[in-house]
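Read through the structure below, which is laid out as structure tokens, and then see the notes.
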Amino acid sequence: MSGTSIKRLHVEPLNSALEEPFVIAIGAIHQIENVLIAIELENGVVGYGEASPLPPINGENQATVQATLHACETYLLGKDVGAYRTVAAEMKATFSVQATARCAIEMAMLDAFTKNMGLPLFRYFGGAGNQIETDFTIGLGSTVRAGEAAKELAARGYRVIKTKVGHGLAEDIERMVAIRDGAPACRLTIDANQGFTAKEALEFLEALERHGIRPVLFEQPVARHDLVGMKFVRDRTNVPIAADETVFTAADAIRVVRAECADIINVKIMKSGLVEALDIVTIARAAGLRLMIGCMLESRLGMSASAHLAAGLGCFDYIDLDPHGDPDAEAFTGGPDFLEPIYHLRDDSPGLGMLRKPKSAG
Ligand code: MN
């Protein structure tokens, strides 16, 4: 290709306040601290990528992501975005565990590559559909607040509500009942973020059953490396089990298939990068597993990449791409239109379709 090699690279922190702390079983997040990378090609096209490190999940943070991106600057300069797979493979060979940083680079390269072709990213991924419907997550927190939130979400059009569990059996059950009562028509999914032992997970499902609640999926009931425990749970319930923290790589997906420990794999581009996400999807589909797409705390920019991937591939049964930030505080506009609870992918803007807002003073 001509003019499509990387001429300049720009890295900066992308911070925004969370309205309320996002609490999961293994940690609380108070502020979104992401990283933006912009790459400019010889022909002037600019591609944007975002890294959203979630330290308790992937061990990266804003400082390590920025260091990784700066460390590979010399390597990236002069690379052709038309060979993004080669770059992704070489980056993985060196920065094997820095998946979030690598994801930002792949995102920026794919954005620039498809912009250069005049093609929206979801079309490049296959154009299976142009809209996806997301759930919304209610974090760990007070029962009363969870019930109110569920009612609000149902009124806003959400049909699937996800909630975090794994803090304490009684408290979790109470919160689930409040959510069910607040939004009786919604399907419920639960995510323990590794917070249970296998036996506790089953006790929890039995207790839910006694309250007439049957979740449509149960995400990561046990510790990420406990495939035996996950299979123990899966063998003893009809509720589909989803592997999230257990699967960062395609090799992890193969282990899950072999262990027969999950019904669903939750793909997140911040765990695997965009390129390896495609491999995970292929393995899951070939093995007859279903697919979920999730997110960390991406801004509109990173979320758009996942929306393009999910719409373009069209094979995700569970979409968990609920935005977290205040849209007015976002650094970017454009991308898929989000009319709760549906992302509408647009054909009139190439690449991710994102536009950088002018920086406000102060
Ligand atoms: Mn999860």
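Chain lettering (A, B, ...) mirrors the order of the structure tokens, residue numbering begins at 1 for each chain separately, and ligand numbering begins at 1 in order of display.
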Show me, as a ChimeraX atom specification, the residues that have an atom within 9 Å of segment 335-342 of chain A when counting only C-alpha atoms, minus same-chain residues fewer than 3 positions from it.
/A:131-136,156-159,300-301,304-305,307-308,322,332,345-346,349,351-355
Selection to disk with C-alpha atoms, as a CSV table (one decimal), in the first residue's frame:
```
chain,number,residue,atom,x,y,z
A,131,GLN,CA,-27.0,-3.1,15.2
A,132,ILE,CA,-26.4,-4.7,18.5
A,133,GLU,CA,-28.4,-4.6,21.8
A,134,THR,CA,-26.5,-4.4,25.0
A,135,ASP,CA,-27.3,-5.2,28.6
A,136,PHE,CA,-26.5,-2.9,31.5
A,156,ARG,CA,-35.0,3.0,29.6
A,157,GLY,CA,-35.5,0.0,27.4
A,158,TYR,CA,-33.0,-2.5,28.7
A,159,ARG,CA,-34.0,-6.1,28.4
A,300,ARG,CA,-16.8,5.8,23.6
A,301,LEU,CA,-13.7,5.3,21.5
A,304,SER,CA,-17.0,1.6,19.4
A,305,ALA,CA,-14.3,-0.9,18.4
A,307,ALA,CA,-19.4,-2.6,18.8
A,308,HIS,CA,-17.9,-2.7,15.3
A,322,ASP,CA,-22.7,-0.7,28.6
A,332,PHE,CA,-14.5,11.8,21.3
A,345,LEU,CA,-23.5,1.1,13.2
A,346,ARG,CA,-23.2,3.8,10.5
A,349,SER,CA,-18.1,7.1,8.4
A,351,GLY,CA,-12.9,3.2,10.3
A,352,LEU,CA,-14.3,3.5,13.8
A,353,GLY,CA,-15.9,6.8,12.8
A,354,MET,CA,-14.7,8.7,15.8
A,355,LEU,CA,-14.0,12.4,15.9
```
I'd like the contact shell of Ile213 of chain A - 9 Å cut-off, only C-alpha atoms, skipping same-chain residues fewer than 2 positions apart - returned as a list in words.
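With the cut-off at 9 Å, the set is Met176, Val177, Arg180, Leu188, Leu205, Ala207, Leu208, Glu209, Arg210, His211 and Pro215 of chain A.
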Selected residues, N, CA and C atoms, written as a PDB file, in the first residue's frame, please.
```pdb
ATOM      1  N   MET A 176     -30.268  -9.475  44.269  1.00  0.00           N
ATOM      2  CA  MET A 176     -30.870 -10.101  43.079  1.00  0.00           C
ATOM      3  C   MET A 176     -32.395 -10.038  43.137  1.00  0.00           C
ATOM      4  N   VAL A 177     -32.943 -10.278  44.314  1.00  0.00           N
ATOM      5  CA  VAL A 177     -34.403 -10.218  44.471  1.00  0.00           C
ATOM      6  C   VAL A 177     -34.886  -8.797  44.193  1.00  0.00           C
ATOM      7  N   ARG A 180     -34.777  -8.254  40.445  1.00  0.00           N
ATOM      8  CA  ARG A 180     -35.883  -8.976  39.793  1.00  0.00           C
ATOM      9  C   ARG A 180     -37.208  -8.237  40.032  1.00  0.00           C
ATOM     10  N   LEU A 188     -31.869 -11.774  33.570  1.00  0.00           N
ATOM     11  CA  LEU A 188     -30.783 -11.409  34.483  1.00  0.00           C
ATOM     12  C   LEU A 188     -29.556 -12.266  34.221  1.00  0.00           C
ATOM     13  N   LEU A 205     -26.711 -20.520  43.346  1.00  0.00           N
ATOM     14  CA  LEU A 205     -27.720 -20.803  42.323  1.00  0.00           C
ATOM     15  C   LEU A 205     -28.960 -21.448  42.941  1.00  0.00           C
ATOM     16  N   ALA A 207     -30.008 -21.058  46.032  1.00  0.00           N
ATOM     17  CA  ALA A 207     -30.724 -20.023  46.795  1.00  0.00           C
ATOM     18  C   ALA A 207     -31.522 -19.127  45.848  1.00  0.00           C
ATOM     19  N   LEU A 208     -30.944 -18.789  44.689  1.00  0.00           N
ATOM     20  CA  LEU A 208     -31.673 -17.985  43.702  1.00  0.00           C
ATOM     21  C   LEU A 208     -32.927 -18.724  43.237  1.00  0.00           C
ATOM     22  N   GLU A 209     -32.743 -20.007  42.981  1.00  0.00           N
ATOM     23  CA  GLU A 209     -33.854 -20.856  42.510  1.00  0.00           C
ATOM     24  C   GLU A 209     -35.011 -20.826  43.521  1.00  0.00           C
ATOM     25  N   ARG A 210     -34.655 -20.879  44.790  1.00  0.00           N
ATOM     26  CA  ARG A 210     -35.685 -20.830  45.846  1.00  0.00           C
ATOM     27  C   ARG A 210     -36.467 -19.520  45.805  1.00  0.00           C
ATOM     28  N   HIS A 211     -35.818 -18.464  45.293  1.00  0.00           N
ATOM     29  CA  HIS A 211     -36.514 -17.186  45.149  1.00  0.00           C
ATOM     30  C   HIS A 211     -37.106 -17.014  43.752  1.00  0.00           C
ATOM     31  N   PRO A 215     -30.885 -17.138  36.455  1.00  0.00           N
ATOM     32  CA  PRO A 215     -30.143 -16.266  35.527  1.00  0.00           C
ATOM     33  C   PRO A 215     -29.971 -16.930  34.160  1.00  0.00           C
TER      34      PRO A 215
END
```
Residues near segment 234-241 of chain A, anyone? I mean within 12 Å using only C-alpha atoms, not counting same-chain ones fewer than 4 positions away, as an MDAnalysis selection string.
chainID A and resid 188:192 198:199 201:206 208:209 213:222 227:230 246 256 259:266 289:292 318
Would you please extract all strand (DSSP E or B) residues from segment 75-293 of chain A, as assigned by DSSP on the backbone, and give them as a ChimeraX atom specification?
/A:80,120,131-133,136-138,160-164,187-191,217-219,241-243,264-267,290-293
Considering only C-alpha atoms, return as a ChimeraX atom specification whatever protein or nucleic-acid residues lie within 9 Å of Ala17 of chain A, sequence-local ones (same chain, fewer than 3 positions apart) excluded.
/A:20,30-33,325-326,329
Prev. selection, all heavy atoms, output as a short mmCIF file (atom, residue, chain, number, x, y, z; two decimals), in the first residue's frame:
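Output file result.cif is given in full below:
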```cif
data_model
loop_
_atom_site.label_atom_id
_atom_site.label_comp_id
_atom_site.auth_asym_id
_atom_site.auth_seq_id
_atom_site.Cartn_x
_atom_site.Cartn_y
_atom_site.Cartn_z
N GLU A 20 -20.27 6.97 40.07
CA GLU A 20 -20.13 6.27 41.34
C GLU A 20 -19.06 5.20 41.18
O GLU A 20 -18.85 4.71 40.08
CB GLU A 20 -21.46 5.69 41.83
CG GLU A 20 -22.35 5.13 40.75
CD GLU A 20 -23.75 4.81 41.27
OE1 GLU A 20 -23.87 3.99 42.18
OE2 GLU A 20 -24.72 5.39 40.76
N HIS A 30 -12.43 3.99 41.06
CA HIS A 30 -13.04 5.29 41.36
C HIS A 30 -12.98 6.27 40.20
O HIS A 30 -13.77 7.19 40.10
CB HIS A 30 -12.40 5.91 42.60
CG HIS A 30 -12.58 5.05 43.82
ND1 HIS A 30 -13.69 5.11 44.61
CD2 HIS A 30 -11.80 4.06 44.33
CE1 HIS A 30 -13.60 4.23 45.58
NE2 HIS A 30 -12.46 3.57 45.44
N GLN A 31 -11.97 6.12 39.35
CA GLN A 31 -11.85 7.02 38.20
C GLN A 31 -11.37 6.20 36.99
O GLN A 31 -10.55 5.30 37.14
CB GLN A 31 -10.82 8.11 38.51
CG GLN A 31 -10.36 8.84 37.28
CD GLN A 31 -9.68 10.16 37.55
OE1 GLN A 31 -10.30 11.12 37.95
NE2 GLN A 31 -8.39 10.20 37.30
N ILE A 32 -11.89 6.54 35.83
CA ILE A 32 -11.43 5.85 34.62
C ILE A 32 -10.09 6.45 34.23
O ILE A 32 -9.97 7.67 34.05
CB ILE A 32 -12.45 6.01 33.47
CG1 ILE A 32 -13.81 5.42 33.88
CG2 ILE A 32 -11.94 5.33 32.21
CD1 ILE A 32 -14.90 5.56 32.84
N GLU A 33 -9.07 5.62 34.14
CA GLU A 33 -7.73 6.08 33.76
C GLU A 33 -7.26 5.26 32.57
O GLU A 33 -6.60 4.24 32.72
CB GLU A 33 -6.77 5.94 34.95
CG GLU A 33 -7.17 6.86 36.10
CD GLU A 33 -6.24 6.80 37.29
OE1 GLU A 33 -5.52 5.78 37.45
OE2 GLU A 33 -6.23 7.77 38.08
N GLY A 325 -19.01 6.23 31.05
CA GLY A 325 -18.64 7.63 31.24
C GLY A 325 -19.79 8.59 30.97
O GLY A 325 -20.82 8.20 30.42
N ASP A 326 -19.60 9.83 31.35
CA ASP A 326 -20.53 10.89 31.03
C ASP A 326 -20.23 11.34 29.60
O ASP A 326 -19.12 11.78 29.31
CB ASP A 326 -20.30 12.04 32.04
CG ASP A 326 -20.99 13.33 31.63
OD1 ASP A 326 -21.75 13.32 30.64
OD2 ASP A 326 -20.76 14.34 32.32
N ALA A 329 -18.34 14.45 28.93
CA ALA A 329 -16.94 14.52 29.36
C ALA A 329 -16.02 13.70 28.46
O ALA A 329 -14.81 13.67 28.65
CB ALA A 329 -16.84 14.01 30.80
#
```
Hey, which of A:Gly44, A:Gly3, A:Pro120, A:Gly195 ends up closest to ligand 1? Count only C-alpha atoms and all ligand atoms.
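Between A:Gly44, A:Gly3, A:Pro120, A:Gly195, the residue approaching ligand 1 most closely is A:Gly195.
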Among listed residues A:Leu36, A:Ile57, A:Cys103, A:Ala63, nearest ligand 1 (using only C-alpha atoms and all ligand atoms):
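Closest to ligand 1, using only C-alpha atoms and all ligand atoms: A:Ile57.
Take atom CA of Leu297 of chain A and atom CA of His167 of chain A: the distance between them is 20.9 Å.
Closest to Gly212 of chain A among A:Asp348, A:Pro184, A:Asp80, A:Glu276 is A:Pro184, based on only C-alpha atoms.
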If you measure from atom CA of Pro350 of chain A to atom CA of Val281 of chain A, what distance in Å do you get, rounded to one decimal?
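Atom-to-atom, atom CA of Pro350 of chain A to atom CA of Val281 of chain A, that is 23.9 Å.
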Nearest residue to Asp279 of chain A from the set A:Ile39, A:Ala251, A:Asp320, A:Thr64 (distances using only C-alpha atoms):
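Nearest to Asp279 of chain A: A:Ala251.
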Could you pull out the residues in segment 276-316 of chain A that DSSP calls helix (DSSP H, G or I) from the backbone, as a list in words?
Glu276, Ala277, Leu278, Asp279, Ile280, Val281, Thr282, Ile283, Ala284, Arg285, Ala286, Arg300, Leu301, Gly302, Met303, Ser304, Ala305, Ser306, Ala307, His308, Leu309, Ala310, Ala311, Gly312 and Leu313 of chain A
What are the closest atom pairs, with distances in Å to one decimal, for each residue of segment 252-328 of chain A lying within 12 Å of segment 83-90 of chain A, using only C-alpha atoms, rows by chain and rising residue number, as CSV?
```
residue,atom,partner,partner_atom,distance
A:Ser272,CA,A:Ala88,CA,10.8
A:Gly273,CA,A:Ala88,CA,8.5
A:Leu274,CA,A:Ala88,CA,9.1
A:Val275,CA,A:Arg85,CA,7.1
A:Glu276,CA,A:Ala88,CA,8.7
A:Ala277,CA,A:Ala88,CA,11.8
A:Leu278,CA,A:Arg85,CA,11.4
```
Non-local contacts of Phe125 of chain A (8 Å; only C-alpha atoms; under 4 positions in same chain excluded) as a list in words:
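With the cut-off at 8 Å, the set is Leu121, His308, Leu309, Gly312 and Leu313 of chain A.
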If we count only C-alpha atoms and set the cut-off at 7 Å, which residues sit around Tyr48 of chain A, ignoring sequence neighbours fewer than 4 positions away in its own chain? Please answer as a ChimeraX atom specification.
/A:37-39,107-108,111
What separates atom CA of Glu152 of chain A and atom CA of Arg175 of chain A is a distance of 15.2 Å
Residues within 9 Å of Leu14 of chain A, only C-alpha atoms, excluding chain neighbours under 3 positions, as JSON, numbers by chain
{"A": [32, 33, 34, 35, 36, 50, 62, 299, 330, 331]}
Residue among A:Ala170, A:Ala128, A:Glu245, A:Pro55 lying closest to Ala28 of chain A, counting only C-alpha atoms:
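Ranked by minimum distance to Ala28 of chain A, first place goes to A:Pro55.
Residue nearest Phe113 of chain A, chosen from A:Thr282, A:Thr4, A:Asn15, A:Thr74 and counting only C-alpha atoms: A:Thr4.
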